file query-v8.cif (mmCIF, C-alpha atoms)
data_structure
loop_
_atom_site.label_atom_id
_atom_site.label_comp_id
_atom_site.auth_asym_id
_atom_site.auth_seq_id
_atom_site.Cartn_x
_atom_site.Cartn_y
_atom_site.Cartn_z
CA MET P 42 8.72 -9.54 -19.35
CA SER P 43 11.26 -10.51 -16.69
CA ARG P 44 11.82 -8.53 -13.54
CA LYS P 45 15.32 -7.05 -13.43
CA ARG P 46 17.03 -7.23 -10.05
CA THR P 47 20.09 -5.08 -9.71
CA TYR P 48 20.25 -4.90 -5.94
CA ARG P 49 19.42 -7.23 -3.09
CA SER P 50 18.78 -5.98 0.39
CA LYS P 51 20.44 -7.75 3.30
CA VAL P 52 17.15 -9.23 4.46
CA ARG P 53 16.55 -10.58 0.96
CA ILE P 54 19.99 -12.24 0.90
CA LEU P 55 19.27 -13.83 4.29
CA ALA P 56 15.89 -15.02 2.98
CA ASP P 57 17.50 -16.46 -0.17
CA MET P 58 19.98 -18.38 2.00
CA MET P 59 17.19 -19.66 4.22
CA ARG P 60 15.15 -20.70 1.16
CA SER P 61 18.09 -22.74 -0.11
CA ILE P 62 18.39 -24.42 3.30
CA GLN P 63 14.65 -25.08 3.41
CA GLY P 64 14.82 -26.52 -0.12
CA GLU P 65 17.09 -29.30 1.15
CA GLY P 66 14.50 -30.43 3.70
CA GLU P 67 15.47 -32.49 6.72
CA ILE P 68 19.04 -33.16 5.57
CA GLY P 69 19.95 -29.47 5.59
CA ALA P 70 22.24 -27.58 3.21
CA GLY P 71 26.02 -27.31 3.14
CA PRO P 72 27.90 -24.01 2.66
CA THR P 73 28.59 -24.63 -1.05
CA LYS P 74 24.92 -25.28 -1.78
CA ILE P 75 23.93 -22.07 0.05
CA LEU P 76 26.73 -20.12 -1.65
CA TYR P 77 25.52 -21.04 -5.15
CA ALA P 78 21.80 -20.82 -4.41
CA ALA P 79 22.10 -17.37 -2.82
CA ASN P 80 24.77 -16.23 -5.31
CA LEU P 81 27.29 -15.05 -2.70
CA SER P 82 31.04 -14.73 -2.35
CA HIS P 83 32.72 -16.89 0.30
CA ASP P 84 33.40 -13.93 2.62
CA ARG P 85 29.83 -12.71 2.45
CA LEU P 86 28.54 -16.24 2.99
CA THR P 87 30.57 -16.60 6.21
CA GLN P 88 29.40 -13.19 7.39
CA TYR P 89 25.71 -13.91 6.75
CA ILE P 90 25.81 -17.45 8.15
CA ASP P 91 27.26 -16.01 11.36
CA GLU P 92 24.38 -13.59 11.42
CA LEU P 93 21.78 -16.33 10.85
CA LEU P 94 23.35 -18.39 13.67
CA ARG P 95 23.50 -15.38 15.99
CA LYS P 96 19.82 -14.63 15.37
CA GLU P 97 19.00 -18.33 15.92
CA LEU P 98 17.34 -18.57 12.51
CA VAL P 99 19.49 -21.56 11.52
CA THR P 100 21.36 -24.23 13.42
CA GLU P 101 24.71 -25.80 12.47
CA LEU P 102 25.39 -29.53 12.40
CA GLN P 103 29.06 -30.60 12.33
CA ASP P 104 30.02 -34.06 11.07
CA GLY P 105 33.83 -34.22 10.85
CA ASP P 106 34.82 -31.59 8.28
CA ASN P 107 31.29 -31.35 6.92
CA ARG P 108 29.01 -28.60 8.08
CA THR P 109 25.29 -28.52 7.31
CA TYR P 110 22.70 -25.95 8.25
CA LEU P 111 19.05 -26.45 9.18
CA LEU P 112 16.28 -23.95 9.77
CA THR P 113 15.14 -23.51 13.34
CA ASP P 114 11.44 -23.01 14.19
CA LYS P 115 12.20 -19.30 14.48
CA GLY P 116 13.83 -19.42 11.05
CA ARG P 117 10.84 -21.19 9.49
CA GLU P 118 8.48 -18.62 11.02
CA PHE P 119 10.68 -15.74 9.77
CA LEU P 120 10.74 -17.17 6.26
CA ARG P 121 6.95 -17.64 6.25
CA GLU P 122 6.45 -14.01 7.27
CA TYR P 123 9.05 -12.82 4.76
CA VAL P 124 7.30 -14.62 1.87
CA LYS P 125 4.00 -12.91 2.76
CA ILE P 126 5.67 -9.51 2.97
CA GLU P 127 7.49 -10.11 -0.30
CA ARG P 128 4.18 -10.91 -2.05
CA PHE P 129 2.60 -7.78 -0.57
CA SER P 130 5.53 -5.55 -1.57
CA LEU P 131 5.83 -6.91 -5.11
CA ALA P 132 2.10 -6.39 -5.61
CA PHE P 133 2.80 -2.66 -5.27
CA GLY P 134 5.97 -2.91 -7.37
CA ILE P 135 8.28 -2.58 -4.38
CA ASP P 136 11.39 -4.76 -4.29
CA VAL P 137 12.44 -5.92 -0.84
CA MET E 886 -36.93 13.34 -0.92
CA GLN E 887 -35.20 14.42 2.30
CA GLU E 888 -35.43 10.88 3.63
CA GLN E 889 -33.78 9.62 0.45
CA VAL E 890 -30.90 12.12 0.91
CA ILE E 891 -30.43 11.11 4.54
CA THR E 892 -30.35 7.41 3.54
CA ILE E 893 -27.72 8.15 0.88
CA ILE E 894 -25.63 10.13 3.41
CA ARG E 895 -25.87 7.22 5.85
CA ILE E 896 -24.74 4.69 3.23
CA ASP E 897 -22.00 7.11 2.11
CA LEU E 898 -20.72 7.49 5.69
CA LEU E 899 -20.82 3.76 6.31
CA LEU E 900 -18.80 3.05 3.15
CA GLU E 901 -16.34 5.82 4.03
CA ILE E 902 -15.84 4.48 7.58
CA LEU E 903 -15.26 0.93 6.30
CA ALA E 904 -12.88 2.19 3.58
CA GLY E 905 -11.00 4.24 6.22
CA ILE E 906 -10.63 1.16 8.45
CA ILE E 907 -9.33 -0.92 5.52
CA ALA E 908 -6.82 1.84 4.64
CA MET E 909 -5.63 1.79 8.27
CA VAL E 910 -5.19 -2.00 8.20
CA ILE E 911 -3.12 -1.80 4.99
CA SER E 912 -1.07 1.05 6.46
CA HIS E 913 -0.35 -1.08 9.53
CA TYR E 914 0.71 -4.07 7.43
CA ALA E 915 2.95 -1.93 5.21
CA ASN E 916 4.58 -0.54 8.35
CA THR E 917 5.13 -4.08 9.70
CA ALA E 918 6.73 -4.98 6.34
CA PHE E 919 8.94 -1.89 6.57
CA ARG E 920 10.15 -2.84 10.07
CA LEU E 921 11.11 -6.32 8.86
CA THR E 922 12.77 -5.35 5.59
CA GLY E 923 13.94 -1.76 6.15
CA GLN E 924 12.61 -0.91 2.64
CA LYS E 925 11.85 2.82 2.78
CA LYS E 926 9.18 2.62 0.08
CA LEU E 927 7.07 0.38 2.34
CA SER E 928 7.19 3.11 4.96
CA ASP E 929 6.02 5.59 2.29
CA LEU E 930 3.23 3.20 1.30
CA SER E 931 2.19 2.98 4.95
CA THR E 932 2.18 6.79 5.21
CA GLY E 933 0.10 7.02 2.03
CA PHE E 934 -2.60 4.68 3.35
CA MET E 935 -2.53 6.42 6.72
CA VAL E 936 -3.12 9.82 5.06
CA LEU E 937 -5.86 8.27 2.89
CA SER E 938 -7.48 6.88 6.01
CA ALA E 939 -7.21 10.29 7.74
CA SER E 940 -8.89 11.96 4.75
CA MET E 941 -11.76 9.46 4.91
CA PHE E 942 -12.29 9.91 8.63
CA SER E 943 -12.08 13.70 8.33
CA ARG E 944 -14.87 13.52 5.75
CA VAL E 945 -16.97 11.34 8.05
CA ILE E 946 -16.50 13.77 10.95
CA GLY E 947 -17.17 16.78 8.71
CA THR E 948 -20.33 15.23 7.24
CA LEU E 949 -21.59 14.19 10.66
CA TYR E 950 -21.02 17.69 12.00
CA PHE E 951 -22.58 19.64 9.13
CA PHE E 952 -25.36 17.41 7.91
CA VAL E 953 -26.39 15.49 10.99
CA LEU E 954 -25.64 17.71 13.99
CA TYR E 955 -25.91 21.19 12.50
CA PRO E 956 -29.48 21.01 11.12
CA GLY E 957 -30.64 20.49 14.68
CA MET E 958 -29.18 23.86 15.66
CA GLY E 959 -30.94 25.86 12.93
CA GLU E 960 -29.63 27.82 9.90
CA MET E 961 -25.93 27.63 9.00
CA THR E 962 -24.01 30.83 9.72
CA PRO E 963 -21.52 32.21 7.11
CA GLU E 964 -18.69 31.09 9.44
CA ALA E 965 -20.05 27.56 9.46
CA THR E 966 -20.34 27.59 5.67
CA SER E 967 -16.69 28.72 5.39
CA LEU E 968 -15.66 26.01 7.83
CA MET E 969 -17.52 23.45 5.74
CA GLU E 970 -15.64 24.58 2.63
CA VAL E 971 -12.33 24.28 4.53
CA VAL E 972 -13.24 20.71 5.55
CA ILE E 973 -14.14 19.81 1.92
CA VAL E 974 -10.83 21.26 0.62
CA ALA E 975 -8.83 19.59 3.44
CA TYR E 976 -10.43 16.25 2.54
CA GLY E 977 -9.46 16.68 -1.12
CA VAL E 978 -5.93 17.87 -0.31
CA LEU E 979 -5.32 14.95 2.07
CA LYS E 980 -6.41 12.50 -0.64
CA ILE E 981 -4.12 14.16 -3.19
CA MET E 982 -1.24 13.98 -0.68
CA ALA E 983 -1.92 10.26 -0.19
CA TYR E 984 -1.97 9.64 -3.95
CA ALA E 985 1.26 11.67 -4.42
CA VAL E 986 2.94 9.41 -1.83
CA PHE E 987 1.61 6.34 -3.72
CA VAL E 988 3.16 7.67 -6.95
CA TYR E 989 6.52 7.76 -5.19
CA ALA E 990 6.10 4.41 -3.41
CA THR E 991 4.99 2.50 -6.53
CA HIS E 992 7.53 4.19 -8.79
CA PRO E 993 9.55 1.49 -10.57
CA GLY E 994 13.29 1.43 -9.94
CA ARG E 995 15.18 1.02 -6.75
CA ARG E 996 16.15 4.52 -5.75
CA PRO E 997 14.00 7.23 -7.27
CA GLN E 998 15.21 10.67 -6.29
CA ARG E 999 13.16 12.11 -3.45
CA PRO E 1000 13.30 15.66 -4.89
CA GLN E 1001 11.24 14.35 -7.84
CA MET E 1002 8.27 14.02 -5.56
CA GLU E 1003 8.86 17.44 -4.00
CA VAL E 1004 8.96 19.00 -7.47
CA MET E 1005 5.74 17.21 -8.34
CA MET E 1006 4.06 18.43 -5.15
CA LEU E 1007 5.25 21.99 -5.86
CA MET E 1008 3.82 21.76 -9.37
CA ALA E 1009 0.53 20.67 -7.87
CA LEU E 1010 0.38 23.63 -5.45
CA PRO E 1011 -1.39 26.07 -7.79
CA PHE E 1012 -4.08 23.45 -8.27
CA LEU E 1013 -4.40 22.69 -4.57
CA ILE E 1014 -6.18 25.98 -3.99
CA SER E 1015 -8.51 25.28 -6.92
CA PRO E 1016 -11.96 23.88 -6.14
CA SER E 1017 -11.60 21.15 -8.76
CA LEU E 1018 -9.45 18.89 -6.59
CA GLU E 1019 -11.05 15.85 -8.14
CA MET E 1020 -9.26 16.60 -11.42
CA ILE E 1021 -5.86 16.64 -9.66
CA ALA E 1022 -6.72 13.36 -7.94
CA ILE E 1023 -7.67 11.85 -11.31
CA ILE E 1024 -4.37 12.94 -12.92
CA ILE E 1025 -2.27 11.55 -10.05
CA LEU E 1026 -4.30 8.34 -9.95
CA LEU E 1027 -3.77 7.93 -13.68
CA ILE E 1028 0.00 7.94 -13.04
CA ILE E 1029 -0.45 5.35 -10.28
CA VAL E 1030 -2.66 3.16 -12.50
CA ILE E 1031 -0.01 3.25 -15.25
CA GLN E 1032 2.74 2.35 -12.74
CA THR E 1033 0.71 -0.50 -11.26
CA LEU E 1034 -0.20 -1.70 -14.76
CA VAL E 1035 3.51 -1.79 -15.68
CA ASN E 1036 4.16 -3.68 -12.46
CA TYR E 1037 1.36 -6.17 -13.20
CA ALA E 1038 2.72 -6.72 -16.72
CA SER E 1039 6.10 -7.39 -15.13
CA VAL E 1040 5.18 -9.77 -12.28
CA ARG E 1041 1.84 -11.14 -13.62
CA ASN E 1042 0.44 -12.45 -10.38
CA ARG E 1043 -2.94 -12.10 -8.71
CA TYR E 1044 -1.59 -9.87 -5.94
CA ALA E 1045 -0.40 -7.23 -8.42
CA PHE E 1046 -3.72 -7.60 -10.25
CA PHE E 1047 -5.70 -6.74 -7.12
CA VAL E 1048 -3.51 -3.68 -6.52
CA LEU E 1049 -4.10 -2.56 -10.13
CA LEU E 1050 -7.83 -3.23 -9.76
CA GLY E 1051 -7.89 -1.26 -6.49
CA PHE E 1052 -6.33 1.84 -8.04
CA VAL E 1053 -8.52 1.55 -11.18
CA LEU E 1054 -11.63 1.49 -8.96
CA LEU E 1055 -10.36 4.50 -6.97
CA LEU E 1056 -9.85 6.29 -10.30
CA LEU E 1057 -13.40 5.39 -11.42
CA GLY E 1058 -14.66 6.72 -8.09
CA HIS E 1059 -13.04 10.10 -8.76
CA ILE E 1060 -14.26 10.16 -12.38
CA SER E 1061 -17.82 9.53 -11.12
CA GLY E 1062 -17.21 12.23 -8.48
CA ILE E 1063 -16.25 14.84 -11.06
CA TYR E 1064 -19.19 13.73 -13.21
CA VAL E 1065 -21.52 14.54 -10.32
CA GLN E 1066 -19.89 17.95 -9.85
CA GLU E 1067 -19.76 19.00 -13.49
CA VAL E 1068 -22.50 17.14 -15.38
CA THR E 1069 -25.22 15.77 -13.18
CA SER E 1070 -26.27 16.14 -9.57
CA SER E 1071 -27.64 12.61 -9.50
CA TYR E 1072 -27.53 11.03 -6.05
CA PHE E 1073 -27.16 7.67 -7.71
CA VAL E 1074 -23.94 8.66 -9.49
CA TYR E 1075 -22.68 10.25 -6.26
CA LEU E 1076 -23.33 7.01 -4.40
CA LEU E 1077 -21.72 5.08 -7.26
CA SER E 1078 -18.51 7.09 -6.79
CA GLN E 1079 -18.47 6.07 -3.13
CA VAL E 1080 -19.14 2.44 -4.06
CA PHE E 1081 -16.20 2.48 -6.50
CA GLN E 1082 -13.91 3.87 -3.79
CA PHE E 1083 -15.13 1.26 -1.31
CA LEU E 1084 -14.63 -1.57 -3.82
CA GLY E 1085 -11.12 -0.25 -4.52
CA LEU E 1086 -10.22 -0.59 -0.85
CA ILE E 1087 -11.88 -4.04 -0.81
CA ALA E 1088 -9.57 -5.07 -3.69
CA PHE E 1089 -6.55 -4.04 -1.54
CA LEU E 1090 -7.98 -5.99 1.39
CA VAL E 1091 -8.46 -9.11 -0.76
CA MET E 1092 -4.85 -8.78 -1.93
CA LEU E 1093 -3.66 -8.44 1.67
CA ARG E 1094 -5.65 -11.52 2.69
CA GLN E 1095 -4.39 -13.59 -0.25
CA ALA E 1096 -0.78 -12.50 0.25
CA GLY E 1097 -1.02 -13.41 3.94
CA LYS E 1098 -2.08 -16.99 3.25
CA ASP E 1099 0.38 -19.85 3.68
CA GLU E 1100 0.89 -21.82 0.49
#

call {"tool": "encode", "arguments": {"input": "query-v8.cif", "output": "structure tokens"}}
result
Amino acid sequence: MSRKRTYRSKVRILADMMRSIQGEGEIGAGPTKILYAANLSHDRLTQYIDELLRKELVTELQDGDNRTYLLTDKGREFLREYVKIERFSLAFGIDV
Amino acid sequence: MQEQVITIIRIDLLLEILAGIIAMVISHYANTAFRLTGQKKLSDLSTGFMVLSASMFSRVIGTLYFFVLYPGMGEMTPEATSLMEVVIVAYGVLKIMAYAVFVYATHPGRRPQRPQMEVMMLMALPFLISPSLEMIAIIILLIIVIQTLVNYASVRNRYAFFVLLGFVLLLLGHISGIYVQEVTSSYFVYLLSQVFQFLGLIAFLVMLRQAGKDE
């Protein structure tokens, strides 16, 4: 039986973006990679990346026209906590 | 015989205190999760465990007062007997309130209508003044067990299993409780009901510990 997800909270979208960045390891993830992994429109991606940068959860590296994003220590800590909370919530059948 | 009863009351109180502390810890964690995610159901879950914890501590205080402190002051007056009955009913009602909140919090689907719970609570009102509160608790816990079973079938992980196990053990505790009331007055079965409840809370604690581990 698969779990149907019809709605994602903002914090879940941010976590999905951060997971996609973390998945790329030390090299970081570009906007397109994050956009596909987190299943977002371009406008929403820009909006949420701004938020991640503002909260210092990710850092931006600019190389010419290429932009890549890396998790900060604060971002890694946030994601670790989020994963634990997600496990706890899903155990009770609560989507976060 | 009296020594045996006192020993059972002591064990009962110890298990109830520990279960109350565990319920408080889970309530705190659910509240932390709510503050991070803003998911209202986590706040409800936190409230449920807080009310459950309050019911357990109210029972400990009530038992201490009536069975440990009162015998030292002589015969119980009719007022004290009435007060004891109020404490017993309050304990049962608090537990039922906690379980009703759990039904709402573990209800599948993203946005269950809040009035549904109010209607359910209103339907339960005629029973709340009945002495057989255990039966109400059993019915509500059955709903929770079904919901957590559906959730376990859906996610199939050990965390959901421990939650299911926890609620099943709480249900067994209440079934043993009603068995003591209606069928037998065995101290062993009474203690067994407390052990089931305690193990139920332990299952939640194990889940919390496992979910909190880094992988």

call {"tool": "resolve_selection", "arguments": {"input": "query-v8.cif", "expression": "the PyMOL selection byres ((chain P and resi 112-122) around 7)", "output": "MDAnalysis selection string"}}
result
chainID P and resid 56 62:63 97:100 110:111 123:126

call {"tool": "atom_distance", "arguments": {"input": "query-v8.cif", "atom1": "atom CA of Ile902 of chain E", "atom2": "atom CA of Ser943 of chain E"}}
result
10.0 Å

call {"tool": "atom_distance", "arguments": {"input": "query-v8.cif", "atom1": "atom CA of Asp136 of chain P", "atom2": "atom CA of Ala939 of chain E"}}
result
26.8 Å

call {"tool": "closest_residue", "arguments": {"input": "query-v8.cif", "among": "E:Thr1069, E:Ser931, E:Gln1079, E:Thr966", "to": "chain P", "atoms": "only C-alpha atoms"}}
result
E:Ser931

call {"tool": "residues_around", "arguments": {"input": "query-v8.cif", "residues": "segment 1033-1048 of chain E", "least_positions_apart": "4", "cutoff": "6 Å", "atoms": "only C-alpha atoms", "output": "MDAnalysis selection string"}}
result
(chainID P and resid 42 132 134) or (chainID E and resid 1088:1089 1092)

call {"tool": "resolve_selection", "arguments": {"input": "query-v8.cif", "expression": "the PyMOL selection byres ((chain P and resi 53) around 12)", "output": "PyMOL selection string"}}
result
(chain P and resi 46+48-52+54-60+79-80+89+119-120+123-124+126-127+136-137) or (chain E and resi 921-924)

call {"tool": "write_last_selection", "arguments": {"input": "query-v8.cif", "atoms": "C-alpha atoms", "output": "PDB file, in the frame of the given file"}}
result
ATOM      1  CA  ARG P  46      17.030  -7.230 -10.050  1.00  0.00           C
ATOM      2  CA  TYR P  48      20.250  -4.900  -5.940  1.00  0.00           C
ATOM      3  CA  ARG P  49      19.420  -7.230  -3.090  1.00  0.00           C
ATOM      4  CA  SER P  50      18.780  -5.980   0.390  1.00  0.00           C
ATOM      5  CA  LYS P  51      20.440  -7.750   3.300  1.00  0.00           C
ATOM      6  CA  VAL P  52      17.150  -9.230   4.460  1.00  0.00           C
ATOM      7  CA  ILE P  54      19.990 -12.240   0.900  1.00  0.00           C
ATOM      8  CA  LEU P  55      19.270 -13.830   4.290  1.00  0.00           C
ATOM      9  CA  ALA P  56      15.890 -15.020   2.980  1.00  0.00           C
ATOM     10  CA  ASP P  57      17.500 -16.460  -0.170  1.00  0.00           C
ATOM     11  CA  MET P  58      19.980 -18.380   2.000  1.00  0.00           C
ATOM     12  CA  MET P  59      17.190 -19.660   4.220  1.00  0.00           C
ATOM     13  CA  ARG P  60      15.150 -20.700   1.160  1.00  0.00           C
ATOM     14  CA  ALA P  79      22.100 -17.370  -2.820  1.00  0.00           C
ATOM     15  CA  ASN P  80      24.770 -16.230  -5.310  1.00  0.00           C
ATOM     16  CA  TYR P  89      25.710 -13.910   6.750  1.00  0.00           C
ATOM     17  CA  PHE P 119      10.680 -15.740   9.770  1.00  0.00           C
ATOM     18  CA  LEU P 120      10.740 -17.170   6.260  1.00  0.00           C
ATOM     19  CA  TYR P 123       9.050 -12.820   4.760  1.00  0.00           C
ATOM     20  CA  VAL P 124       7.300 -14.620   1.870  1.00  0.00           C
ATOM     21  CA  ILE P 126       5.670  -9.510   2.970  1.00  0.00           C
ATOM     22  CA  GLU P 127       7.490 -10.110  -0.300  1.00  0.00           C
ATOM     23  CA  ASP P 136      11.390  -4.760  -4.290  1.00  0.00           C
ATOM     24  CA  VAL P 137      12.440  -5.920  -0.840  1.00  0.00           C
TER      25      VAL P 137
ATOM     26  CA  LEU E 921      11.110  -6.320   8.860  1.00  0.00           C
ATOM     27  CA  THR E 922      12.770  -5.350   5.590  1.00  0.00           C
ATOM     28  CA  GLY E 923      13.940  -1.760   6.150  1.00  0.00           C
ATOM     29  CA  GLN E 924      12.610  -0.910   2.640  1.00  0.00           C
TER      30      GLN E 924
END

call {"tool": "closest_residue", "arguments": {"input": "query-v8.cif", "among": "P:Glu67, P:Thr87, P:Tyr77, P:Arg128", "to": "Leu102 of chain P", "atoms": "only C-alpha atoms"}}
result
P:Glu67

call {"tool": "residues_around", "arguments": {"input": "query-v8.cif", "residues": "His992 of chain E", "least_positions_apart": "2", "cutoff": "10 Å", "atoms": "only C-alpha atoms", "output": "VMD selection string"}}
result
(chain P and resid 133 to 135) or (chain E and resid 926 986 to 990 994 to 997 1028 to 1029 1031 to 1033 1035 to 1036)

call {"tool": "resolve_selection", "arguments": {"input": "query-v8.cif", "expression": "the PyMOL selection byres ((chain P and resi 71) around 10)", "output": "CSV table (one decimal) with C-alpha atoms, in the frame of the given file"}}
result
chain,number,residue,atom,x,y,z
P,61,SER,CA,18.1,-22.7,-0.1
P,62,ILE,CA,18.4,-24.4,3.3
P,65,GLU,CA,17.1,-29.3,1.2
P,68,ILE,CA,19.0,-33.2,5.6
P,69,GLY,CA,20.0,-29.5,5.6
P,70,ALA,CA,22.2,-27.6,3.2
P,72,PRO,CA,27.9,-24.0,2.7
P,73,THR,CA,28.6,-24.6,-1.0
P,74,LYS,CA,24.9,-25.3,-1.8
P,75,ILE,CA,23.9,-22.1,0.0
P,76,LEU,CA,26.7,-20.1,-1.6
P,101,GLU,CA,24.7,-25.8,12.5
P,102,LEU,CA,25.4,-29.5,12.4
P,107,ASN,CA,31.3,-31.4,6.9
P,108,ARG,CA,29.0,-28.6,8.1
P,109,THR,CA,25.3,-28.5,7.3
P,110,TYR,CA,22.7,-26.0,8.2
P,111,LEU,CA,19.0,-26.4,9.2

call {"tool": "atom_distance", "arguments": {"input": "query-v8.cif", "atom1": "atom CA of Tyr914 of chain E", "atom2": "atom CA of Asp1099 of chain E"}}
result
16.2 Å

call {"tool": "closest_residue", "arguments": {"input": "query-v8.cif", "among": "E:Leu968, E:Leu1077, E:Leu1056, E:Ala915", "to": "chain P", "atoms": "all atoms listed in the file"}}
result
E:Ala915

call {"tool": "closest_residue", "arguments": {"input": "query-v8.cif", "among": "E:Met961, E:Ile946, E:Met941, E:Leu930", "to": "chain P", "atoms": "all atoms listed in the file"}}
result
E:Leu930
